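> Enclosed is the structure file data-v8.cif (mmCIF, C-alpha atoms and all ligand atoms).
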data_query
#
loop_
_atom_site.label_atom_id
_atom_site.label_comp_id
_atom_site.auth_asym_id
_atom_site.auth_seq_id
_atom_site.Cartn_x
_atom_site.Cartn_y
_atom_site.Cartn_z
CA MET N 1 0.00 0.00 0.00
CA THR N 2 1.30 3.50 -0.85
CA ALA N 3 2.13 5.78 2.08
CA LEU N 4 -0.21 8.75 2.44
CA ILE N 5 2.51 10.75 4.16
CA ARG N 6 6.19 10.00 3.77
CA ALA N 7 9.25 11.89 4.99
CA GLU N 8 12.60 11.16 3.41
CA GLY N 9 15.93 12.31 4.82
CA LEU N 10 14.37 15.14 6.84
CA HIS N 11 16.75 17.52 8.56
CA ARG N 12 16.10 20.68 10.52
CA THR N 13 19.00 22.72 11.84
CA PHE N 14 18.69 25.83 14.02
CA THR N 15 21.37 28.40 14.72
CA VAL N 16 21.61 29.12 18.43
CA GLY N 17 23.79 31.01 20.86
CA ALA N 18 25.05 33.59 18.41
CA GLY N 19 26.06 36.78 20.22
CA MET N 20 28.91 39.20 20.79
CA PHE N 21 30.85 36.76 22.98
CA ARG N 22 29.31 33.50 21.91
CA PRO N 23 30.10 31.62 18.70
CA ARG N 24 27.33 30.52 16.41
CA GLN N 25 26.29 26.93 17.14
CA LEU N 26 24.19 24.56 15.09
CA LEU N 27 21.45 22.52 16.69
CA HIS N 28 20.43 19.51 14.60
CA ALA N 29 16.88 19.20 15.96
CA VAL N 30 15.92 16.64 13.32
CA ASN N 31 18.82 14.79 11.77
CA GLY N 32 17.93 12.55 8.85
CA VAL N 33 14.48 11.15 9.61
CA ASP N 34 12.62 8.74 7.31
CA VAL N 35 9.07 7.86 8.36
CA SER N 36 5.84 7.03 6.58
CA VAL N 37 2.26 6.14 7.34
CA GLU N 38 -0.43 4.58 5.18
CA ARG N 39 -3.90 6.05 4.73
CA GLY N 40 -5.99 5.34 7.82
CA GLY N 41 -2.93 4.53 9.93
CA VAL N 42 -1.68 6.22 13.08
CA LEU N 43 2.04 6.94 13.27
CA GLY N 44 3.07 7.40 16.90
CA ILE N 45 6.27 9.35 17.49
CA VAL N 46 7.74 9.02 20.97
CA GLY N 47 10.80 10.21 22.84
CA GLU N 48 11.93 12.48 25.63
CA SER N 49 11.61 16.28 25.51
CA GLY N 50 14.24 17.66 23.15
CA CYS N 51 14.36 14.59 20.89
CA GLY N 52 13.02 16.56 17.92
CA LYS N 53 9.50 15.15 17.75
CA SER N 54 7.72 18.52 17.89
CA THR N 55 10.05 19.98 15.24
CA LEU N 56 9.21 16.97 13.07
CA ALA N 57 5.49 17.66 13.66
CA ARG N 58 5.89 21.30 12.63
CA MET N 59 7.66 20.26 9.42
CA LEU N 60 4.89 17.80 8.57
CA LEU N 61 2.38 20.63 9.07
CA GLY N 62 4.34 22.97 6.82
CA LEU N 63 4.92 25.39 9.74
CA THR N 64 8.71 24.90 9.77
CA PRO N 65 10.54 24.32 6.48
CA PRO N 66 13.02 21.41 6.46
CA SER N 67 16.72 22.31 6.12
CA ALA N 68 16.98 19.25 3.85
CA GLY N 69 14.87 16.30 2.85
CA THR N 70 11.42 15.88 1.35
CA ILE N 71 7.87 15.33 2.58
CA PHE N 72 5.44 13.64 0.24
CA ILE N 73 1.67 13.54 0.59
CA ASP N 74 0.11 10.89 -1.61
CA GLY N 75 3.34 10.91 -3.63
CA GLN N 76 3.34 14.69 -4.13
CA ASP N 77 6.26 16.77 -2.82
CA VAL N 78 4.76 19.32 -0.40
CA ALA N 79 7.48 21.84 -1.31
CA GLY N 80 5.67 22.39 -4.59
CA MET N 81 2.23 22.46 -3.01
CA ASP N 82 0.20 25.62 -2.44
CA ARG N 83 0.14 26.45 1.32
CA ARG N 84 -3.65 26.62 1.34
CA ASP N 85 -3.91 23.18 -0.31
CA LEU N 86 -1.52 21.81 2.29
CA ALA N 87 -3.58 23.36 5.10
CA ARG N 88 -6.72 21.80 3.64
CA ARG N 89 -5.12 18.35 3.67
CA VAL N 90 -3.10 18.49 6.92
CA GLN N 91 -4.44 20.02 10.12
CA PRO N 92 -2.96 20.29 13.63
CA VAL N 93 -4.23 19.53 17.11
CA PHE N 94 -1.90 21.12 19.64
CA GLN N 95 -0.95 20.25 23.20
CA ASP N 96 -2.32 23.25 25.02
CA PRO N 97 -5.82 23.98 23.76
CA TYR N 98 -6.01 27.16 25.81
CA SER N 99 -3.04 28.89 24.24
CA SER N 100 -3.97 27.73 20.74
CA LEU N 101 -7.51 29.17 20.91
CA ASN N 102 -8.21 32.89 20.61
CA PRO N 103 -9.67 33.80 24.04
CA ARG N 104 -11.75 36.67 22.61
CA ARG N 105 -13.59 34.65 19.98
CA THR N 106 -16.59 32.44 20.52
CA VAL N 107 -16.31 28.70 20.14
CA ALA N 108 -18.37 28.76 16.91
CA SER N 109 -16.22 31.47 15.33
CA ILE N 110 -13.01 29.62 16.30
CA VAL N 111 -14.23 26.46 14.60
CA SER N 112 -15.52 28.26 11.50
CA PHE N 113 -12.36 30.38 11.16
CA PRO N 114 -10.52 27.95 8.80
CA LEU N 115 -13.63 27.97 6.56
CA ASP N 116 -13.58 31.80 6.57
CA VAL N 117 -9.88 31.84 5.61
CA HIS N 118 -10.48 29.46 2.73
CA GLY N 119 -13.63 31.32 1.64
CA MET N 120 -15.81 28.23 1.89
CA GLY N 121 -19.59 28.83 1.81
CA ASN N 122 -21.39 31.88 3.16
CA LYS N 123 -21.45 32.98 6.78
CA ALA N 124 -24.61 31.04 7.69
CA GLU N 125 -23.29 27.86 6.04
CA ARG N 126 -19.95 28.19 7.84
CA ARG N 127 -21.69 28.55 11.20
CA ARG N 128 -23.93 25.58 10.43
CA GLN N 129 -20.86 23.46 9.58
CA ALA N 130 -19.07 24.59 12.74
CA LEU N 131 -22.07 23.73 14.91
CA ALA N 132 -22.38 20.30 13.30
CA MET N 133 -18.70 19.55 13.95
CA LEU N 134 -18.96 20.83 17.53
CA GLU N 135 -21.94 18.56 18.08
CA ARG N 136 -19.94 15.64 16.67
CA VAL N 137 -17.05 16.17 19.09
CA GLY N 138 -19.45 16.32 22.05
CA LEU N 139 -20.20 20.05 22.38
CA PRO N 140 -23.88 20.76 21.68
CA ALA N 141 -25.20 24.11 20.42
CA ARG N 142 -25.34 25.69 23.90
CA TYR N 143 -21.51 25.89 23.85
CA ALA N 144 -21.34 27.71 20.50
CA ASP N 145 -21.35 31.25 21.83
CA LEU N 146 -19.13 30.70 24.87
CA THR N 147 -15.48 31.72 24.86
CA PRO N 148 -12.57 29.33 25.61
CA GLY N 149 -12.22 30.75 29.14
CA GLN N 150 -15.68 29.42 29.96
CA LEU N 151 -14.75 25.84 29.07
CA SER N 152 -12.87 23.06 30.86
CA GLY N 153 -9.54 21.78 29.47
CA GLY N 154 -11.21 18.75 27.88
CA GLN N 155 -13.91 20.91 26.28
CA ARG N 156 -11.25 23.26 24.90
CA GLN N 157 -9.43 20.31 23.34
CA ARG N 158 -12.73 19.24 21.76
CA VAL N 159 -12.92 22.74 20.21
CA GLY N 160 -9.35 22.30 18.92
CA ILE N 161 -10.31 18.96 17.36
CA ALA N 162 -13.48 20.42 15.80
CA ARG N 163 -11.43 23.28 14.33
CA ALA N 164 -8.98 20.77 12.82
CA LEU N 165 -11.70 18.57 11.33
CA VAL N 166 -14.06 21.22 9.98
CA MET N 167 -11.84 21.48 6.87
CA ASN N 168 -12.29 17.75 6.23
CA PRO N 169 -8.52 17.06 6.19
CA GLU N 170 -6.91 13.74 5.30
CA ILE N 171 -4.13 13.96 7.90
CA VAL N 172 -4.21 15.30 11.45
CA VAL N 173 -0.93 15.94 13.25
CA CYS N 174 -1.58 15.72 17.00
CA ASP N 175 1.25 17.14 19.12
CA GLU N 176 0.82 15.86 22.71
CA PRO N 177 -2.97 16.40 22.45
CA THR N 178 -3.77 14.92 25.86
CA SER N 179 -0.72 15.75 27.99
CA ALA N 180 -2.15 19.03 29.34
CA LEU N 181 -5.37 17.29 30.44
CA ASP N 182 -6.40 15.51 33.62
CA VAL N 183 -5.84 11.77 33.43
CA SER N 184 -9.59 11.13 33.59
CA VAL N 185 -10.18 13.33 30.52
CA GLN N 186 -7.24 11.95 28.52
CA ALA N 187 -9.01 8.64 27.79
CA GLN N 188 -12.16 10.44 26.60
CA ILE N 189 -10.18 12.56 24.14
CA LEU N 190 -8.17 9.57 22.90
CA ASN N 191 -11.33 7.55 22.33
CA LEU N 192 -12.91 10.50 20.53
CA LEU N 193 -9.86 10.72 18.22
CA LEU N 194 -10.13 6.99 17.48
CA GLU N 195 -13.85 7.26 16.67
CA LEU N 196 -13.25 10.27 14.40
CA ARG N 197 -10.43 8.47 12.60
CA GLN N 198 -12.83 5.65 11.75
CA GLU N 199 -15.70 7.93 10.80
CA PHE N 200 -13.74 10.37 8.62
CA ASN N 201 -11.07 7.92 7.36
CA LEU N 202 -8.35 10.06 8.93
CA THR N 203 -4.64 9.41 9.11
CA TYR N 204 -2.90 10.60 12.27
CA VAL N 205 0.64 11.50 13.18
CA PHE N 206 0.52 11.33 16.95
CA ILE N 207 3.38 12.85 18.96
CA SER N 208 3.65 11.88 22.62
CA HIS N 209 6.09 11.23 25.43
CA ASN N 210 3.52 8.83 26.91
CA LEU N 211 4.02 5.28 25.65
CA ALA N 212 0.76 4.02 27.14
CA VAL N 213 -1.12 6.58 25.08
CA VAL N 214 0.79 5.68 21.93
CA GLU N 215 0.18 1.96 22.45
CA HIS N 216 -3.55 2.70 22.68
CA ILE N 217 -3.82 4.72 19.49
CA ALA N 218 -0.91 4.05 17.09
CA THR N 219 -0.62 1.43 14.35
CA GLN N 220 3.13 1.97 14.06
CA VAL N 221 5.67 3.74 16.23
CA ALA N 222 8.86 5.70 15.61
CA VAL N 223 11.09 6.12 18.66
CA MET N 224 13.24 9.27 18.44
CA TYR N 225 16.47 10.07 20.23
CA LEU N 226 18.52 13.23 19.66
CA GLY N 227 16.89 14.05 16.33
CA ARG N 228 17.03 10.54 14.88
CA VAL N 229 14.65 7.59 14.68
CA VAL N 230 16.26 4.71 16.57
CA GLU N 231 13.43 2.20 16.18
CA PHE N 232 10.46 2.08 13.81
CA ALA N 233 8.03 -0.82 14.01
CA PRO N 234 4.36 -1.85 13.99
CA THR N 235 2.92 -1.05 17.42
CA ALA N 236 2.20 -4.65 18.45
CA ALA N 237 5.73 -5.77 17.51
CA LEU N 238 7.39 -2.83 19.26
CA PHE N 239 5.52 -3.34 22.52
CA ALA N 240 5.85 -7.16 22.45
CA GLN N 241 9.54 -7.16 21.62
CA PRO N 242 11.29 -3.78 21.87
CA ARG N 243 14.78 -4.14 20.40
CA HIS N 244 16.63 -0.85 20.89
CA PRO N 245 17.93 -0.45 24.46
CA TYR N 246 16.41 3.05 24.55
CA THR N 247 12.98 1.67 23.60
CA GLN N 248 13.41 -1.01 26.25
CA ALA N 249 14.21 1.68 28.84
CA LEU N 250 11.22 3.78 27.79
CA LEU N 251 8.91 0.78 28.08
CA ALA N 252 10.29 -0.08 31.49
CA SER N 253 9.87 3.50 32.60
CA VAL N 254 7.39 4.86 35.06
CA LEU N 255 5.90 8.03 33.69
CA THR N 256 6.31 11.07 35.85
CA PRO N 257 3.06 12.08 37.56
CA ASP N 258 3.76 15.67 36.47
CA THR N 259 2.12 15.55 33.05
CA GLY N 260 3.36 19.03 32.21
CA GLN N 261 7.00 18.03 32.54
CA GLY N 262 6.85 15.64 29.64
CA ILE N 263 9.92 13.64 30.63
CA PRO N 264 9.49 9.95 31.36
CA GLU N 265 11.61 8.54 34.14
CA THR N 266 13.62 6.16 31.98
CA GLY N 267 15.73 4.59 34.69
CA LEU N 268 18.68 6.04 32.77
CA GLY N 269 18.76 9.18 34.89
CA LEU N 270 17.87 12.61 33.59
CA SER N 271 21.24 12.97 31.86
CA PHE N 272 19.74 13.61 28.46
CA PRO N 273 22.76 14.71 26.39
CA ASP N 274 23.24 18.31 25.29
CA PRO N 275 21.71 18.35 21.77
CA LEU N 276 24.32 20.97 20.80
CA HIS N 277 27.08 18.46 21.54
CA PRO N 278 25.69 15.01 20.74
CA PRO N 279 27.93 12.05 21.61
CA ALA N 280 30.03 10.47 18.84
CA GLY N 281 29.20 7.01 17.60
CA CYS N 282 25.82 5.83 18.81
CA PRO N 283 24.24 8.94 20.36
CA PHE N 284 22.72 6.77 23.09
CA HIS N 285 26.01 5.16 24.16
CA PRO N 286 26.66 7.25 27.33
CA ARG N 287 23.36 6.01 28.79
CA CYS N 288 23.20 2.53 27.28
CA PRO N 289 23.38 -0.46 29.65
CA GLN N 290 24.40 -2.71 26.71
CA ARG N 291 27.12 -0.46 25.29
CA MET N 292 30.02 -2.12 23.42
CA SER N 293 33.35 -0.63 22.34
CA VAL N 294 32.15 -0.16 18.75
CA CYS N 295 29.30 2.02 20.02
CA ASP N 296 31.66 4.85 21.07
CA SER N 297 32.81 5.58 17.54
CA VAL N 298 30.51 4.03 14.93
CA ARG N 299 26.99 5.32 14.49
CA PRO N 300 24.50 2.55 13.72
CA VAL N 301 21.99 3.24 10.97
CA LEU N 302 18.33 2.31 10.91
CA SER N 303 17.82 -0.98 9.11
CA GLY N 304 15.65 -4.06 9.22
CA ALA N 305 12.57 -5.57 7.65
CA ALA N 306 8.77 -5.53 7.91
CA ALA N 307 8.89 -6.56 11.57
CA GLY N 308 10.63 -3.28 12.27
CA GLU N 309 13.81 -1.28 11.87
CA VAL N 310 16.37 -0.53 14.55
CA ALA N 311 19.58 1.52 14.76
CA CYS N 312 21.77 -0.47 17.15
CA HIS N 313 24.95 -2.54 16.85
CA LEU N 314 23.31 -5.36 18.78
CA TYR N 315 21.53 -6.10 15.50
CA PRO N 316 24.26 -6.54 12.88
CA LEU N 317 22.11 -5.38 9.94
CA ALA N 318 22.23 -1.92 11.53
CA THR N 319 25.97 -1.63 10.89
CA PRO N 320 26.67 -1.60 7.18
CA GLU N 321 30.25 -2.09 6.10
CA GLY N 322 32.22 1.12 6.21
CA ALA N 323 29.68 3.02 8.35
CA THR N 324 31.21 5.76 10.44
CA SER N 325 29.95 8.21 12.99
FE1 LIG N 401 23.59 0.67 23.05
FE2 LIG N 401 25.52 0.30 21.29
FE3 LIG N 401 23.01 -0.24 20.60
FE4 LIG N 401 23.82 2.28 20.93
S1 LIG N 401 24.53 0.84 19.37
S2 LIG N 401 21.95 1.40 21.69
S3 LIG N 401 25.25 2.07 22.64
S4 LIG N 401 24.23 -1.29 22.17
#
Just give me the structure as structure tokens.

Amino acid sequence: MTALIRAEGLHRTFTVGAGMFRPRQLLHAVNGVDVSVERGGVLGIVGESGCGKSTLARMLLGLTPPSAGTIFIDGQDVAGMDRRDLARRVQPVFQDPYSSLNPRRTVASIVSFPLDVHGMGNKAERRRQALAMLERVGLPARYADLTPGQLSGGQRQRVGIARALVMNPEIVVCDEPTSALDVSVQAQILNLLLELRQEFNLTYVFISHNLAVVEHIATQVAVMYLGRVVEFAPTAALFAQPRHPYTQALLASVLTPDTGQGIPETGLGLSFPDPLHPPAGCPFHPRCPQRMSVCDSVRPVLSGAAAGEVACHLYPLATPEGATS
């Protein structure tokens, strides 16, 4: 089956620290990522804060241009796509529904805003469409003329979802959509997203630091570490038999009760490396309990088969002849 969304060799580099007494430094937030997801699938992207997953999400949404690499939607390079066409096909749901909703607008006008921007229908039709979508996400008409400040966190996220879906997109990129919500509300929002996926034949890219959430919703998972994918596998295979030591540590982790912090307690300590100075060789080697001498100097590349791909010297296919850091 052809991938609906496919990223090839994606890089995003930022310049940081430039100043009178500080040299310019390059931060490789995303460093050669290849991922894809088929129509109707859910690609989960997991990793600690700072691993590059949100930068990847912004590139898939067209909000941050890649420094190198290509994103294809249905085989078409998005670089040559009109921004409005891209926005019609790919919509976001963000982590913090409060900060992503205009506090001065009513719920109905927030949801109909994308239709206004794209000049779809007349004012009455746009409001009717917005109300229908609000109803579908669990907010009946009595909520239409409230403002975001009058809603709970879960209700605000329902508004964010309605705003994303009112354009009838094919792909929804969800960046930590439940991590700002109470645990009791998280399951409701996840189940709503799953129902909507079925009903509207949606494809999701789902970014999260919470593996339990990803296991619940994703059909395949990419595990990111320091800007790279270190394991990419169907969800069932990844959770039944995680292969990369980092994935194993994440799965063994106990998530921090502070949902705002976004850092799982991996059992590897909080010594996440400085992304400005990533370790040589395998970037995970300073924290890896299975580290070998080769790991200090030779970077493993992602390789494997349908059961999943992994970037680790424990799996010899990941070390092609002549590979260097
Ligand atoms: Fe650990 Fe080496 Fe595998 Fe990296 S390549 S994850 S250091 S065993």
> Of the candidates N:Leu146, N:Leu115, N:Leu193, N:Cys312, which shows the shortest atom-to-atom distance to Val173 of chain N, using all atoms listed in the file?
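Distance minimum relative to Val173 of chain N lands on N:Leu193.
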> What separation in Å, quoted to one decimal, exists between atom CA of His244 of chain N and atom CA of Phe206 of chain N?
20.6 Å
> What are the nearest atom pairs, with distances in Å to one decimal, for all residues of chain N that come at most 10 Å from ligand LIG 401 (chain N), using all atoms listed in the file, set out by chain and rising residue number as a tab-separated table?

residue	atom	partner	partner_atom	distance
N:Val230	CA	N:LIG401	S2	8.3
N:Arg243	CA	N:LIG401	FE3	9.1
N:His244	CA	N:LIG401	S2	5.8
N:Pro245	CA	N:LIG401	S2	5.2
N:Tyr246	CA	N:LIG401	S2	6.4
N:Thr247	CA	N:LIG401	S2	9.2
N:Gln248	CA	N:LIG401	S2	10.0
N:Gly281	CA	N:LIG401	FE4	7.9
N:Cys282	CA	N:LIG401	FE4	4.6
N:Pro283	CA	N:LIG401	FE4	6.7
N:Phe284	CA	N:LIG401	FE4	5.1
N:His285	CA	N:LIG401	S3	3.5
N:Pro286	CA	N:LIG401	S3	7.1
N:Arg287	CA	N:LIG401	S3	7.5
N:Cys288	CA	N:LIG401	FE1	4.6
N:Pro289	CA	N:LIG401	FE1	6.7
N:Gln290	CA	N:LIG401	S4	4.8
N:Arg291	CA	N:LIG401	S3	4.1
N:Met292	CA	N:LIG401	FE2	5.5
N:Ser293	CA	N:LIG401	FE2	8.0
N:Val294	CA	N:LIG401	FE2	7.1
N:Cys295	CA	N:LIG401	FE2	4.3
N:Asp296	CA	N:LIG401	S3	7.2
N:Ser297	CA	N:LIG401	S1	9.7
N:Val298	CA	N:LIG401	S1	8.1
N:Arg299	CA	N:LIG401	S1	7.1
N:Pro300	CA	N:LIG401	S1	5.9
N:Val301	CA	N:LIG401	S1	9.1
N:Val310	CA	N:LIG401	FE3	9.0
N:Ala311	CA	N:LIG401	S1	6.8
N:Cys312	CA	N:LIG401	FE3	3.7
N:His313	CA	N:LIG401	S1	4.2
N:Leu314	CA	N:LIG401	S4	5.4
N:Tyr315	CA	N:LIG401	FE3	7.9
N:Pro316	CA	N:LIG401	S1	9.8
N:Ala318	CA	N:LIG401	S1	8.6
N:Thr319	CA	N:LIG401	S1	8.9
> Rounded to one decimal, what separation in Å do you get between atom CA of Phe72 of chain N and atom CA of Ile5 of chain N?
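These two atoms are separated by 5.7 Å.
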> Could you please give me, as a ChimeraX atom specification, the residues of protein, DNA or RNA lying at most 9 Å from (14.5, 18.3, 8.3) in the coordinate frame of the file, considering only C-alpha atoms?
/N:7-13,28-33,55-56,59,64-70
> Could you write those residues out with C-alpha atoms, as a PDB file, in the coordinates of the input?

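Output file selection_17.pdb follows:
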ATOM      1  CA  ALA N   7       9.250  11.890   4.990  1.00  0.00           C
ATOM      2  CA  GLU N   8      12.600  11.160   3.410  1.00  0.00           C
ATOM      3  CA  GLY N   9      15.930  12.310   4.820  1.00  0.00           C
ATOM      4  CA  LEU N  10      14.370  15.140   6.840  1.00  0.00           C
ATOM      5  CA  HIS N  11      16.750  17.520   8.560  1.00  0.00           C
ATOM      6  CA  ARG N  12      16.100  20.680  10.520  1.00  0.00           C
ATOM      7  CA  THR N  13      19.000  22.720  11.840  1.00  0.00           C
ATOM      8  CA  HIS N  28      20.430  19.510  14.600  1.00  0.00           C
ATOM      9  CA  ALA N  29      16.880  19.200  15.960  1.00  0.00           C
ATOM     10  CA  VAL N  30      15.920  16.640  13.320  1.00  0.00           C
ATOM     11  CA  ASN N  31      18.820  14.790  11.770  1.00  0.00           C
ATOM     12  CA  GLY N  32      17.930  12.550   8.850  1.00  0.00           C
ATOM     13  CA  VAL N  33      14.480  11.150   9.610  1.00  0.00           C
ATOM     14  CA  THR N  55      10.050  19.980  15.240  1.00  0.00           C
ATOM     15  CA  LEU N  56       9.210  16.970  13.070  1.00  0.00           C
ATOM     16  CA  MET N  59       7.660  20.260   9.420  1.00  0.00           C
ATOM     17  CA  THR N  64       8.710  24.900   9.770  1.00  0.00           C
ATOM     18  CA  PRO N  65      10.540  24.320   6.480  1.00  0.00           C
ATOM     19  CA  PRO N  66      13.020  21.410   6.460  1.00  0.00           C
ATOM     20  CA  SER N  67      16.720  22.310   6.120  1.00  0.00           C
ATOM     21  CA  ALA N  68      16.980  19.250   3.850  1.00  0.00           C
ATOM     22  CA  GLY N  69      14.870  16.300   2.850  1.00  0.00           C
ATOM     23  CA  THR N  70      11.420  15.880   1.350  1.00  0.00           C
TER      24      THR N  70
END
> Out of N:Met167, N:Gly160, N:Ala3, N:Thr235, which residue has the shortest atom-to-atom distance to Gly121 of chain N when counting all atoms listed in the file?
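For Gly121 of chain N, the nearest of the candidates is N:Met167.
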